[in-house]
>>> print(open('structure.cif').read())   # mmCIF, N, CA and C atoms
data_start
#
loop_
_atom_site.label_atom_id
_atom_site.label_comp_id
_atom_site.auth_asym_id
_atom_site.auth_seq_id
_atom_site.Cartn_x
_atom_site.Cartn_y
_atom_site.Cartn_z
N MET A 1 96.73 108.88 78.98
CA MET A 1 97.55 109.13 80.15
C MET A 1 96.92 108.47 81.37
N GLY A 2 97.66 108.44 82.45
CA GLY A 2 97.10 107.96 83.69
C GLY A 2 97.56 106.59 84.12
N LYS A 3 98.39 105.92 83.33
CA LYS A 3 98.84 104.60 83.72
C LYS A 3 99.68 104.67 84.99
N PHE A 4 100.61 105.59 85.03
CA PHE A 4 101.44 105.78 86.21
C PHE A 4 101.07 107.11 86.86
N ALA A 5 100.87 107.09 88.16
CA ALA A 5 100.50 108.29 88.90
C ALA A 5 101.50 108.49 90.03
N ASP A 6 102.22 109.59 89.95
CA ASP A 6 103.20 109.93 90.97
C ASP A 6 102.82 111.26 91.60
N PHE A 7 102.81 111.29 92.92
CA PHE A 7 102.50 112.51 93.66
C PHE A 7 103.78 113.05 94.29
N TYR A 8 103.93 114.37 94.25
CA TYR A 8 105.11 115.01 94.83
C TYR A 8 104.67 116.22 95.65
N ALA A 9 105.38 116.47 96.77
CA ALA A 9 105.30 117.75 97.46
C ALA A 9 106.43 118.56 96.86
N VAL A 10 106.07 119.64 96.18
CA VAL A 10 107.07 120.36 95.38
C VAL A 10 106.63 121.81 95.16
N ALA A 11 107.60 122.70 95.02
CA ALA A 11 107.30 124.07 94.61
C ALA A 11 106.83 124.02 93.16
N PRO A 12 105.82 124.79 92.80
CA PRO A 12 105.29 124.73 91.43
C PRO A 12 106.36 124.91 90.35
N ALA A 13 107.34 125.76 90.59
CA ALA A 13 108.39 125.99 89.59
C ALA A 13 109.28 124.76 89.38
N GLU A 14 109.27 123.83 90.32
CA GLU A 14 110.11 122.63 90.22
C GLU A 14 109.32 121.39 89.83
N ALA A 15 108.04 121.53 89.53
CA ALA A 15 107.20 120.37 89.24
C ALA A 15 107.72 119.55 88.06
N GLY A 16 108.18 120.22 87.02
CA GLY A 16 108.72 119.50 85.86
C GLY A 16 109.95 118.69 86.21
N ARG A 17 110.86 119.28 86.98
CA ARG A 17 112.07 118.55 87.39
C ARG A 17 111.70 117.37 88.29
N ALA A 18 110.74 117.57 89.18
CA ALA A 18 110.31 116.46 90.03
C ALA A 18 109.72 115.34 89.18
N ALA A 19 108.92 115.71 88.18
CA ALA A 19 108.31 114.70 87.30
C ALA A 19 109.39 113.90 86.58
N ARG A 20 110.40 114.59 86.07
CA ARG A 20 111.47 113.90 85.33
C ARG A 20 112.34 113.04 86.25
N SER A 21 112.31 113.30 87.55
CA SER A 21 113.09 112.47 88.49
C SER A 21 112.45 111.10 88.66
N MET A 22 111.16 111.00 88.32
CA MET A 22 110.39 109.75 88.43
C MET A 22 110.53 109.12 89.82
N GLY A 23 110.54 109.94 90.85
CA GLY A 23 110.60 109.45 92.22
C GLY A 23 111.98 109.08 92.69
N GLY A 24 112.99 109.32 91.85
CA GLY A 24 114.35 108.91 92.19
C GLY A 24 115.15 109.92 92.96
N SER A 25 114.53 111.01 93.38
CA SER A 25 115.24 112.05 94.12
C SER A 25 114.65 112.18 95.53
N LYS A 26 115.50 112.31 96.51
CA LYS A 26 115.04 112.52 97.88
C LYS A 26 114.64 113.98 98.11
N ARG A 27 114.88 114.83 97.12
CA ARG A 27 114.58 116.26 97.23
C ARG A 27 113.07 116.52 97.36
N TRP A 28 112.27 115.69 96.67
CA TRP A 28 110.83 115.89 96.66
C TRP A 28 110.13 114.68 97.25
N PRO A 29 109.46 114.82 98.38
CA PRO A 29 108.69 113.71 98.94
C PRO A 29 107.72 113.18 97.87
N HIS A 30 107.54 111.88 97.84
CA HIS A 30 106.92 111.24 96.69
C HIS A 30 106.04 110.05 97.11
N TYR A 31 105.01 109.80 96.32
CA TYR A 31 104.19 108.60 96.47
C TYR A 31 103.75 108.17 95.07
N SER A 32 103.78 106.88 94.81
CA SER A 32 103.46 106.37 93.48
C SER A 32 102.39 105.29 93.56
N ILE A 33 101.46 105.32 92.61
CA ILE A 33 100.43 104.29 92.45
C ILE A 33 100.02 104.32 90.99
N LYS A 34 99.53 103.23 90.49
CA LYS A 34 99.06 103.20 89.11
C LYS A 34 97.57 103.53 89.04
N PHE A 35 97.16 104.02 87.88
CA PHE A 35 95.76 104.20 87.53
C PHE A 35 94.97 105.13 88.44
N LEU A 36 95.53 106.27 88.74
CA LEU A 36 94.80 107.29 89.51
C LEU A 36 94.92 108.59 88.71
N ASP A 37 93.81 109.26 88.49
CA ASP A 37 93.84 110.46 87.66
C ASP A 37 93.08 111.61 88.32
N VAL A 38 93.03 112.74 87.62
CA VAL A 38 92.42 113.95 88.15
C VAL A 38 90.93 113.75 88.44
N PHE A 39 90.25 112.91 87.67
CA PHE A 39 88.82 112.71 87.89
C PHE A 39 88.55 111.97 89.20
N GLN A 40 89.41 111.01 89.52
CA GLN A 40 89.27 110.30 90.79
C GLN A 40 89.63 111.22 91.96
N LEU A 41 90.63 112.08 91.76
CA LEU A 41 90.98 113.05 92.80
C LEU A 41 89.86 114.07 93.01
N ALA A 42 89.22 114.46 91.91
CA ALA A 42 88.10 115.40 92.03
C ALA A 42 86.96 114.80 92.86
N LYS A 43 86.72 113.51 92.68
CA LYS A 43 85.69 112.84 93.48
C LYS A 43 86.07 112.84 94.95
N LEU A 44 87.34 112.56 95.24
CA LEU A 44 87.81 112.63 96.63
C LEU A 44 87.62 114.04 97.19
N TYR A 45 87.97 115.04 96.41
CA TYR A 45 87.81 116.43 96.85
C TYR A 45 86.35 116.72 97.18
N ASP A 46 85.44 116.27 96.32
CA ASP A 46 84.01 116.45 96.60
C ASP A 46 83.61 115.79 97.92
N LEU A 47 84.10 114.57 98.14
CA LEU A 47 83.78 113.84 99.38
C LEU A 47 84.33 114.56 100.60
N LEU A 48 85.54 115.09 100.49
CA LEU A 48 86.16 115.77 101.63
C LEU A 48 85.44 117.06 102.01
N ARG A 49 84.94 117.75 101.02
CA ARG A 49 84.27 119.03 101.33
C ARG A 49 82.76 118.91 101.39
N GLY A 50 82.25 117.68 101.25
CA GLY A 50 80.83 117.44 101.43
C GLY A 50 79.95 118.05 100.36
N GLN A 51 80.43 118.08 99.15
CA GLN A 51 79.60 118.58 98.06
C GLN A 51 79.86 117.75 96.82
N SER A 52 79.04 117.94 95.83
CA SER A 52 79.14 117.16 94.61
C SER A 52 79.14 118.09 93.42
N GLY A 53 79.95 117.75 92.45
CA GLY A 53 79.99 118.55 91.24
C GLY A 53 80.47 117.73 90.07
N THR A 54 79.97 118.06 88.89
CA THR A 54 80.40 117.33 87.71
C THR A 54 81.64 117.94 87.07
N GLU A 55 82.00 119.13 87.50
CA GLU A 55 83.15 119.81 86.89
C GLU A 55 84.21 120.17 87.91
N THR A 56 84.24 119.46 89.03
CA THR A 56 85.23 119.73 90.07
C THR A 56 86.65 119.61 89.52
N TRP A 57 86.86 118.70 88.59
CA TRP A 57 88.20 118.49 88.02
C TRP A 57 88.77 119.77 87.43
N LYS A 58 87.93 120.71 87.03
CA LYS A 58 88.40 121.97 86.45
C LYS A 58 89.07 122.87 87.48
N GLU A 59 88.90 122.56 88.78
CA GLU A 59 89.53 123.35 89.83
C GLU A 59 91.01 122.97 90.00
N PHE A 60 91.44 121.91 89.35
CA PHE A 60 92.82 121.45 89.39
C PHE A 60 93.57 122.06 88.20
N ARG A 61 94.72 122.69 88.45
CA ARG A 61 95.51 123.24 87.35
C ARG A 61 96.27 122.11 86.67
N GLN A 62 96.19 122.06 85.34
CA GLN A 62 96.88 121.02 84.59
C GLN A 62 97.83 121.63 83.57
N ASP A 63 99.03 121.05 83.52
CA ASP A 63 100.07 121.49 82.58
C ASP A 63 100.69 120.27 81.94
N VAL A 64 101.22 120.46 80.75
CA VAL A 64 101.95 119.41 80.06
C VAL A 64 103.43 119.75 80.13
N GLU A 65 104.24 118.75 80.42
CA GLU A 65 105.68 118.93 80.59
C GLU A 65 106.41 117.87 79.77
N ALA A 66 107.47 118.28 79.09
CA ALA A 66 108.27 117.33 78.31
C ALA A 66 108.98 116.35 79.24
N ASP A 67 109.08 115.11 78.80
CA ASP A 67 109.77 114.06 79.55
C ASP A 67 111.16 113.87 78.95
N GLY A 68 112.04 114.79 79.25
CA GLY A 68 113.40 114.70 78.71
C GLY A 68 114.25 115.81 79.25
N ASP A 69 115.53 115.80 78.88
CA ASP A 69 116.45 116.83 79.36
C ASP A 69 116.12 118.20 78.80
N ASP A 70 115.61 118.24 77.57
CA ASP A 70 115.23 119.50 76.94
C ASP A 70 113.79 119.82 77.31
N GLU A 71 113.62 120.73 78.25
CA GLU A 71 112.28 121.05 78.76
C GLU A 71 111.38 121.67 77.70
N GLU A 72 111.96 122.15 76.60
CA GLU A 72 111.17 122.78 75.54
C GLU A 72 110.80 121.79 74.44
N ASP A 73 111.35 120.57 74.45
CA ASP A 73 111.08 119.58 73.41
C ASP A 73 109.71 118.95 73.63
N MET A 74 108.74 119.41 72.86
CA MET A 74 107.37 118.91 73.02
C MET A 74 107.03 117.85 71.98
N ASP A 75 108.06 117.29 71.31
CA ASP A 75 107.82 116.25 70.31
C ASP A 75 107.93 114.85 70.90
N GLY A 76 108.56 114.72 72.05
CA GLY A 76 108.76 113.41 72.66
C GLY A 76 107.70 113.09 73.68
N PRO A 77 108.00 112.12 74.55
CA PRO A 77 107.06 111.76 75.61
C PRO A 77 106.75 112.94 76.53
N MET A 78 105.55 112.93 77.08
CA MET A 78 105.09 114.04 77.92
C MET A 78 104.56 113.54 79.25
N PHE A 79 104.55 114.45 80.22
CA PHE A 79 103.91 114.24 81.50
C PHE A 79 102.72 115.18 81.59
N MET A 80 101.63 114.74 82.21
CA MET A 80 100.55 115.63 82.59
C MET A 80 100.75 115.93 84.06
N ILE A 81 100.92 117.21 84.39
CA ILE A 81 101.14 117.61 85.77
C ILE A 81 99.90 118.34 86.26
N THR A 82 99.28 117.80 87.30
CA THR A 82 98.07 118.35 87.87
C THR A 82 98.37 118.84 89.28
N THR A 83 98.10 120.12 89.53
CA THR A 83 98.32 120.70 90.85
C THR A 83 97.03 120.64 91.64
N LEU A 84 97.09 120.05 92.83
CA LEU A 84 95.90 119.98 93.68
C LEU A 84 95.56 121.38 94.18
N PRO A 85 94.27 121.73 94.23
CA PRO A 85 93.86 123.05 94.71
C PRO A 85 94.28 123.26 96.17
N ASP A 86 94.66 124.50 96.50
CA ASP A 86 95.07 124.81 97.87
C ASP A 86 94.03 124.44 98.92
N PRO A 87 92.72 124.69 98.68
CA PRO A 87 91.73 124.28 99.68
C PRO A 87 91.72 122.77 99.92
N MET A 88 91.99 121.99 98.88
CA MET A 88 92.05 120.54 99.05
C MET A 88 93.26 120.16 99.89
N LEU A 89 94.40 120.84 99.66
CA LEU A 89 95.60 120.59 100.47
C LEU A 89 95.33 120.87 101.94
N ALA A 90 94.63 121.96 102.20
CA ALA A 90 94.31 122.31 103.59
C ALA A 90 93.44 121.22 104.23
N LEU A 91 92.47 120.72 103.49
CA LEU A 91 91.62 119.64 104.01
C LEU A 91 92.45 118.38 104.28
N LEU A 92 93.31 118.02 103.33
CA LEU A 92 94.13 116.82 103.50
C LEU A 92 95.10 116.96 104.67
N ALA A 93 95.71 118.13 104.80
CA ALA A 93 96.71 118.34 105.85
C ALA A 93 96.09 118.25 107.25
N GLY A 94 94.82 118.58 107.37
CA GLY A 94 94.17 118.58 108.68
C GLY A 94 93.21 117.43 108.90
N LEU A 95 93.27 116.42 108.05
CA LEU A 95 92.29 115.34 108.10
C LEU A 95 92.40 114.51 109.38
N ASP A 96 91.24 114.11 109.89
CA ASP A 96 91.18 113.27 111.09
C ASP A 96 90.20 112.12 110.83
N GLU A 97 89.26 111.89 111.71
CA GLU A 97 88.28 110.81 111.58
C GLU A 97 87.46 110.95 110.29
N LEU A 98 87.22 112.17 109.88
CA LEU A 98 86.49 112.40 108.64
C LEU A 98 87.21 111.73 107.47
N GLY A 99 88.53 111.65 107.55
CA GLY A 99 89.32 111.02 106.49
C GLY A 99 89.00 109.55 106.33
N ARG A 100 88.83 108.85 107.43
CA ARG A 100 88.50 107.43 107.35
C ARG A 100 87.16 107.24 106.65
N GLN A 101 86.20 108.09 107.00
CA GLN A 101 84.88 108.00 106.37
C GLN A 101 84.96 108.35 104.89
N ALA A 102 85.74 109.37 104.56
CA ALA A 102 85.89 109.76 103.15
C ALA A 102 86.57 108.65 102.37
N ALA A 103 87.56 108.01 102.96
CA ALA A 103 88.26 106.91 102.28
C ALA A 103 87.29 105.76 101.99
N GLU A 104 86.44 105.44 102.94
CA GLU A 104 85.47 104.36 102.73
C GLU A 104 84.50 104.70 101.60
N ARG A 105 84.05 105.95 101.56
CA ARG A 105 83.14 106.37 100.50
C ARG A 105 83.85 106.41 99.15
N TRP A 106 85.11 106.88 99.15
CA TRP A 106 85.89 106.95 97.91
C TRP A 106 86.13 105.55 97.36
N GLN A 107 86.43 104.61 98.25
CA GLN A 107 86.68 103.22 97.86
C GLN A 107 85.49 102.64 97.11
N ALA A 108 84.29 103.05 97.48
CA ALA A 108 83.07 102.50 96.89
C ALA A 108 82.66 103.19 95.59
N GLU A 109 83.30 104.29 95.25
CA GLU A 109 82.93 105.05 94.05
C GLU A 109 83.23 104.26 92.78
N PRO A 110 82.30 104.23 91.83
CA PRO A 110 82.55 103.52 90.56
C PRO A 110 83.76 104.07 89.80
N GLU A 111 84.07 105.36 89.96
CA GLU A 111 85.20 105.96 89.26
C GLU A 111 86.55 105.52 89.84
N PHE A 112 86.54 105.03 91.08
CA PHE A 112 87.80 104.69 91.75
C PHE A 112 88.30 103.36 91.19
N PHE A 113 89.43 103.39 90.49
CA PHE A 113 89.96 102.21 89.80
C PHE A 113 90.16 101.04 90.75
N TRP A 114 90.62 101.31 91.96
CA TRP A 114 90.98 100.26 92.92
C TRP A 114 89.83 99.85 93.83
N ARG A 115 88.59 100.11 93.45
CA ARG A 115 87.44 99.85 94.33
C ARG A 115 87.32 98.39 94.76
N ASP A 116 87.84 97.47 93.95
CA ASP A 116 87.75 96.04 94.31
C ASP A 116 88.93 95.56 95.14
N LYS A 117 89.80 96.46 95.54
CA LYS A 117 90.94 96.11 96.38
C LYS A 117 90.80 96.87 97.71
N PRO A 118 90.14 96.25 98.69
CA PRO A 118 89.84 96.92 99.97
C PRO A 118 91.08 97.54 100.61
N GLY A 119 90.88 98.72 101.16
CA GLY A 119 91.94 99.42 101.88
C GLY A 119 92.81 100.30 101.01
N THR A 120 92.66 100.22 99.69
CA THR A 120 93.52 101.03 98.82
C THR A 120 93.23 102.51 98.97
N ALA A 121 91.96 102.89 99.01
CA ALA A 121 91.62 104.31 99.14
C ALA A 121 92.19 104.88 100.44
N ALA A 122 92.10 104.12 101.53
CA ALA A 122 92.64 104.58 102.81
C ALA A 122 94.15 104.75 102.73
N ALA A 123 94.84 103.82 102.07
CA ALA A 123 96.30 103.92 101.93
C ALA A 123 96.70 105.13 101.09
N VAL A 124 95.98 105.36 99.99
CA VAL A 124 96.26 106.51 99.13
C VAL A 124 96.00 107.80 99.91
N LEU A 125 94.88 107.85 100.61
CA LEU A 125 94.53 109.04 101.38
C LEU A 125 95.57 109.33 102.46
N LEU A 126 96.06 108.31 103.12
CA LEU A 126 97.10 108.48 104.13
C LEU A 126 98.35 109.12 103.51
N GLU A 127 98.74 108.65 102.33
CA GLU A 127 99.91 109.21 101.65
C GLU A 127 99.66 110.64 101.19
N LEU A 128 98.47 110.92 100.69
CA LEU A 128 98.14 112.28 100.27
C LEU A 128 98.16 113.24 101.46
N CYS A 129 97.68 112.77 102.60
CA CYS A 129 97.72 113.60 103.82
C CYS A 129 99.16 113.89 104.22
N ARG A 130 100.01 112.88 104.15
CA ARG A 130 101.43 113.06 104.48
C ARG A 130 102.06 114.11 103.56
N LEU A 131 101.81 113.98 102.27
CA LEU A 131 102.38 114.94 101.31
C LEU A 131 101.80 116.34 101.51
N ALA A 132 100.51 116.42 101.81
CA ALA A 132 99.87 117.73 102.03
C ALA A 132 100.46 118.42 103.26
N ARG A 133 100.71 117.66 104.33
CA ARG A 133 101.31 118.26 105.53
C ARG A 133 102.73 118.74 105.22
N THR A 134 103.50 117.93 104.50
CA THR A 134 104.85 118.31 104.13
C THR A 134 104.83 119.56 103.25
N ALA A 135 103.97 119.58 102.26
CA ALA A 135 103.86 120.73 101.36
C ALA A 135 103.47 121.98 102.14
N SER A 136 102.54 121.83 103.06
CA SER A 136 102.10 122.97 103.88
C SER A 136 103.24 123.52 104.72
N GLU A 137 104.01 122.64 105.34
CA GLU A 137 105.14 123.06 106.15
C GLU A 137 106.21 123.76 105.33
N ARG A 138 106.38 123.35 104.08
CA ARG A 138 107.43 123.88 103.21
C ARG A 138 106.94 125.00 102.30
N GLY A 139 105.66 125.34 102.35
CA GLY A 139 105.11 126.37 101.47
C GLY A 139 105.06 125.93 100.02
N GLU A 140 104.80 124.65 99.79
CA GLU A 140 104.78 124.08 98.46
C GLU A 140 103.39 123.59 98.10
N SER A 141 103.30 122.88 96.99
CA SER A 141 102.05 122.30 96.54
C SER A 141 102.20 120.78 96.45
N VAL A 142 101.10 120.12 96.19
CA VAL A 142 101.14 118.69 95.85
C VAL A 142 100.70 118.59 94.41
N VAL A 143 101.50 117.88 93.63
CA VAL A 143 101.16 117.66 92.23
C VAL A 143 101.02 116.18 91.95
N LEU A 144 100.16 115.87 90.99
CA LEU A 144 100.02 114.53 90.45
C LEU A 144 100.68 114.56 89.08
N VAL A 145 101.59 113.64 88.85
CA VAL A 145 102.24 113.51 87.55
C VAL A 145 101.78 112.20 86.92
N GLU A 146 101.13 112.31 85.77
CA GLU A 146 100.65 111.14 85.05
C GLU A 146 101.54 110.90 83.84
N SER A 147 101.91 109.65 83.66
CA SER A 147 102.70 109.28 82.49
C SER A 147 102.30 107.88 82.06
N GLY A 148 102.70 107.50 80.88
CA GLY A 148 102.38 106.17 80.38
C GLY A 148 101.20 106.19 79.46
N ASP A 149 100.92 105.03 78.90
CA ASP A 149 99.83 104.90 77.93
C ASP A 149 98.51 104.66 78.60
#
>>> encode(input="structure.cif", output="structure tokens")
Amino acid sequence: MGKFADFYAVAPAEAGRAARSMGGSKRWPHYSIKFLDVFQLAKLYDLLRGQSGTETWKEFRQDVEADGDDEEDMDGPMFMITTLPDPMLALLAGLDELGRQAAERWQAEPEFFWRDKPGTAAAVLLELCRLARTASERGESVVLVESGD
């Protein structure tokens, strides 16, 4: 998993429907990038809160969702839906100058797939902040939906 990474501001109960929309619905604010996964997000979370951990990724709730009209059909393609922790959303929603510094450090991390493409971490962080603010205003969460090979 992890080829396609789509982020949504969404109520947890609607995460599966948002995932199946594949960004085609205006109902759920959305951002898409390839090759970003929970481990890279965990590193960002560590950078934002100024600590380091090898198991930070376990703080993210992960669920598997069917990719089809029948939400119970687990024999076909699947989505991995990862919910960002509420404390991370709060950090993202209120990010300021610290965000620029975190983006620069995240960009340099060996785990960050896009490390050789300058400015990518800052662009992703800007979008995550936008989604976190929207989710906060609406009482929702931000989820990462991974699909593909």
>>> resolve_selection(input="structure.cif", expression="the PyMOL selection byres ((chain A and resi 100-117) around 8)", output="PyMOL selection string")
chain A and resi 34-37+39-41+43-44+47-48+95-99+118-123+125-126
>>> atom_distance(input="structure.cif", atom1="atom CA of A:Leu128", atom2="atom CA of A:Leu92")
6.9 Å
>>> closest_residue(input="structure.cif", among="A:Arg49, A:Ala5, A:Thr56, A:Met88", to="A:Val145", atoms="only C-alpha atoms")
A:Ala5
>>> atom_distance(input="structure.cif", atom1="atom CA of A:Asp46", atom2="atom CA of A:Met22")
28.4 Å
>>> closest_atom_pairs(input="structure.cif", of="stretch 63-149 of chain A", to="stretch 26-32 of chain A", cutoff="8 Å", atoms="only N, CA and C atoms", output="CSV")
residue,atom,partner,partner_atom,distance
A:Glu127,CA,A:Tyr31,CA,6.7
A:Leu128,N,A:Tyr31,CA,7.5
A:Leu131,CA,A:Pro29,C,6.6
A:Thr134,CA,A:Pro29,CA,7.9
>>> closest_residue(input="structure.cif", among="A:Ala90, A:Cys129, A:Val38, A:Ile81", to="A:Ala15", atoms="only C-alpha atoms")
A:Ile81
>>> select_by_dssp(input="structure.cif", residues="stretch 35-96 of chain A", states="helix (DSSP H, G or I)", output="list in words")
Val38, Phe39, Gln40, Leu41, Ala42, Lys43, Leu44, Tyr45, Asp46, Leu47, Leu48, Arg49, Thr56, Trp57, Lys58, Glu59, Asp86, Pro87, Met88, Leu89, Ala90, Leu91, Leu92 and Ala93 of chain A
>>> atom_distance(input="structure.cif", atom1="atom N of A:Leu89", atom2="atom C of A:Val142")
8.5 Å
>>> closest_residue(input="structure.cif", among="A:Val143, A:Lys58, A:Ala135, A:Ala18", to="A:Thr82", atoms="only C-alpha atoms")
A:Val143
